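> Have a look at this one.
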Amino acid sequence: MSKKTVVSVDLLCSKCRLKVMKLISTIEGINSIALDPSKNTVTVMGEADPVCIIKKVRKFRKSAQITSIGPAKEEKKDDKKEALPSLPKMCQKCDVWYVISEDLHYPYCNIL
């Protein structure tokens, strides 16, 4: 039996959206995944266990919560496309910086 699971998660940038999509798509039994960045929700349709879905998403974003679980219903899609809000290319949580410095006074490690 197909279920519709709605998960609330912070989708701060396009990299966050891609990461959440990749994490959820690794779970077996999923028919479709829909992201809604304006509401910060991910809708998953399929036979996958909601607990498995939330565990995968929480590995990336700790603040993920299940909003609703119910039977899958076909929604009527409008021909008009809504304008998606533009998201930054990368948020502060996704942007990782590595600092590498050279210490000219002590070129060798003193820890033995």
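To be explicit about the labels: the chains of the structure tokens are called A, B, and onward in the order shown, and within each one the residues are counted from 1, while ligands get numbers from 1 in the order they are shown.
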Give me the residues within 12 Å of Val51 of chain A as a list in words, counting only C-alpha atoms and dropping any in the same chain fewer than 5 places off.

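Near Val51 of chain A, the qualifying residues are Thr5, Val6, Val7, Ile24, Ile27, Lys56, Val57, Arg58, Ala64, Gln65, Ile66 and Ile69 of chain A.
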
> Show me, as a PyMOL selection string, the residues that have an atom within 8 Å of Gly29 of chain A when counting only C-alpha atoms, minus same-chain residues fewer than 6 positions from it.

chain A and resi 46-48

> With N, CA and C atoms kept, could you save the residues just selected as an mmCIF file, in the first residue's frame?


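Saved file selection_38.cif follows:
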```cif
data_model
loop_
_atom_site.group_PDB
_atom_site.id
_atom_site.type_symbol
_atom_site.label_atom_id
_atom_site.label_comp_id
_atom_site.auth_asym_id
_atom_site.auth_seq_id
_atom_site.Cartn_x
_atom_site.Cartn_y
_atom_site.Cartn_z
ATOM 1 N N GLY A 46 5.266 6.460 -1.709
ATOM 2 C CA GLY A 46 5.757 5.107 -1.923
ATOM 3 C C GLY A 46 5.524 4.237 -0.708
ATOM 4 N N GLU A 47 6.116 3.047 -0.742
ATOM 5 C CA GLU A 47 5.928 2.069 0.322
ATOM 6 C C GLU A 47 7.032 2.119 1.371
ATOM 7 N N ALA A 48 7.904 3.102 1.305
ATOM 8 C CA ALA A 48 9.020 3.199 2.240
ATOM 9 C C ALA A 48 8.524 3.532 3.647
#
```

> Take atom CA of Pro71 of chain A and atom CA of Leu11 of chain A and report the distance between them in Å, one decimal.

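Atom-to-atom, atom CA of Pro71 of chain A and atom CA of Leu11 of chain A are spaced 24.8 Å apart.
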
> Leaving out Ser32 of chain A and any residue of its chain fewer than 4 positions from it, which residues lie within 9 Å of it when counting only C-alpha atoms, given as a VMD selection string?

chain A and resid 25 43 to 46

> Expressed in Å to a single decimal, how great is the separation between atom CA of Lys22 of chain A and atom CA of Val9 of chain A?

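Separation of atom CA of Lys22 of chain A and atom CA of Val9 of chain A: 14.3 Å.
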
> Write out as a list of chain:residue names the set of residues from segment 15-81 of chain A that DSSP, computed on the backbone, places in strand (DSSP E or B).

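The residues of segment 15-81 of chain A classed as strand (DSSP E or B) are A:Ile30, A:Asn31, A:Ser32, A:Ile33, A:Ala34, A:Leu35, A:Asp36, A:Thr41, A:Val42, A:Thr43, A:Val44, A:Met45, A:Gly46, A:Gln65, A:Ile66, A:Thr67, A:Ser68, A:Ile69, A:Gly70, A:Pro71.
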
> Could you save the residues just selected, with N, CA and C atoms, as a PDB file, in the first residue's frame?


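Just written: selection-v3.pdb:
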```
ATOM      1  N   ILE A  30      10.391   3.847  -2.891  1.00  0.00           N
ATOM      2  CA  ILE A  30       9.909   5.213  -3.096  1.00  0.00           C
ATOM      3  C   ILE A  30       9.524   5.392  -4.559  1.00  0.00           C
ATOM      4  N   ASN A  31       8.319   5.922  -4.785  1.00  0.00           N
ATOM      5  CA  ASN A  31       7.844   6.171  -6.147  1.00  0.00           C
ATOM      6  C   ASN A  31       8.160   7.582  -6.615  1.00  0.00           C
ATOM      7  N   SER A  32       7.978   8.566  -5.731  1.00  0.00           N
ATOM      8  CA  SER A  32       8.252   9.951  -6.126  1.00  0.00           C
ATOM      9  C   SER A  32       8.649  10.780  -4.915  1.00  0.00           C
ATOM     10  N   ILE A  33       9.424  11.826  -5.207  1.00  0.00           N
ATOM     11  CA  ILE A  33       9.877  12.771  -4.187  1.00  0.00           C
ATOM     12  C   ILE A  33       9.575  14.168  -4.717  1.00  0.00           C
ATOM     13  N   ALA A  34       8.928  14.994  -3.897  1.00  0.00           N
ATOM     14  CA  ALA A  34       8.619  16.370  -4.292  1.00  0.00           C
ATOM     15  C   ALA A  34       9.100  17.322  -3.206  1.00  0.00           C
ATOM     16  N   LEU A  35       9.891  18.301  -3.610  1.00  0.00           N
ATOM     17  CA  LEU A  35      10.391  19.316  -2.679  1.00  0.00           C
ATOM     18  C   LEU A  35       9.562  20.583  -2.815  1.00  0.00           C
ATOM     19  N   ASP A  36       9.282  21.211  -1.689  1.00  0.00           N
ATOM     20  CA  ASP A  36       8.594  22.499  -1.688  1.00  0.00           C
ATOM     21  C   ASP A  36       9.429  23.464  -0.852  1.00  0.00           C
ATOM     22  N   THR A  41       9.254  21.716   2.972  1.00  0.00           N
ATOM     23  CA  THR A  41       8.763  20.353   3.142  1.00  0.00           C
ATOM     24  C   THR A  41       9.228  19.470   1.991  1.00  0.00           C
ATOM     25  N   VAL A  42       9.316  18.179   2.290  1.00  0.00           N
ATOM     26  CA  VAL A  42       9.611  17.155   1.290  1.00  0.00           C
ATOM     27  C   VAL A  42       8.475  16.150   1.348  1.00  0.00           C
ATOM     28  N   THR A  43       7.837  15.886   0.207  1.00  0.00           N
ATOM     29  CA  THR A  43       6.747  14.926   0.132  1.00  0.00           C
ATOM     30  C   THR A  43       7.253  13.665  -0.555  1.00  0.00           C
ATOM     31  N   VAL A  44       7.134  12.530   0.140  1.00  0.00           N
ATOM     32  CA  VAL A  44       7.620  11.254  -0.368  1.00  0.00           C
ATOM     33  C   VAL A  44       6.432  10.331  -0.560  1.00  0.00           C
ATOM     34  N   MET A  45       6.298   9.783  -1.776  1.00  0.00           N
ATOM     35  CA  MET A  45       5.224   8.850  -2.086  1.00  0.00           C
ATOM     36  C   MET A  45       5.840   7.481  -2.323  1.00  0.00           C
ATOM     37  N   GLY A  46       5.266   6.460  -1.709  1.00  0.00           N
ATOM     38  CA  GLY A  46       5.757   5.107  -1.923  1.00  0.00           C
ATOM     39  C   GLY A  46       5.524   4.237  -0.708  1.00  0.00           C
ATOM     40  N   GLN A  65      11.511  16.827  10.843  1.00  0.00           N
ATOM     41  CA  GLN A  65      10.356  16.293  11.561  1.00  0.00           C
ATOM     42  C   GLN A  65       9.336  15.762  10.564  1.00  0.00           C
ATOM     43  N   ILE A  66       8.623  14.710  10.963  1.00  0.00           N
ATOM     44  CA  ILE A  66       7.536  14.196  10.133  1.00  0.00           C
ATOM     45  C   ILE A  66       6.315  15.074  10.375  1.00  0.00           C
ATOM     46  N   THR A  67       5.781  15.652   9.292  1.00  0.00           N
ATOM     47  CA  THR A  67       4.604  16.511   9.400  1.00  0.00           C
ATOM     48  C   THR A  67       3.326  15.697   9.318  1.00  0.00           C
ATOM     49  N   SER A  68       3.235  14.797   8.324  1.00  0.00           N
ATOM     50  CA  SER A  68       2.039  13.980   8.189  1.00  0.00           C
ATOM     51  C   SER A  68       2.339  12.686   7.449  1.00  0.00           C
ATOM     52  N   ILE A  69       1.538  11.667   7.761  1.00  0.00           N
ATOM     53  CA  ILE A  69       1.604  10.371   7.089  1.00  0.00           C
ATOM     54  C   ILE A  69       0.163   9.996   6.750  1.00  0.00           C
ATOM     55  N   GLY A  70      -0.055   9.598   5.510  1.00  0.00           N
ATOM     56  CA  GLY A  70      -1.406   9.238   5.122  1.00  0.00           C
ATOM     57  C   GLY A  70      -1.414   8.459   3.827  1.00  0.00           C
ATOM     58  N   PRO A  71      -2.604   8.077   3.386  1.00  0.00           N
ATOM     59  CA  PRO A  71      -2.688   7.354   2.117  1.00  0.00           C
ATOM     60  C   PRO A  71      -2.349   8.280   0.946  1.00  0.00           C
TER      61      PRO A  71
END
```

> Which neighbours of Ala72 of chain A fall inside 7 Å, counting only C-alpha atoms, when residues of the same chain fewer than 5 positions from it are skipped, and could you give them as a VMD selection string?

chain A and resid 2 to 4 45

> Write a file of the just-selected residues containing C-alpha atoms, as a CSV table (one decimal), in the first residue's frame.


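This went into result36.csv:
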```csv
chain,number,residue,atom,x,y,z
A,2,SER,CA,1.4,3.3,-1.0
A,3,LYS,CA,1.8,6.1,1.6
A,4,LYS,CA,2.3,9.8,1.4
A,45,MET,CA,5.2,8.8,-2.1
```
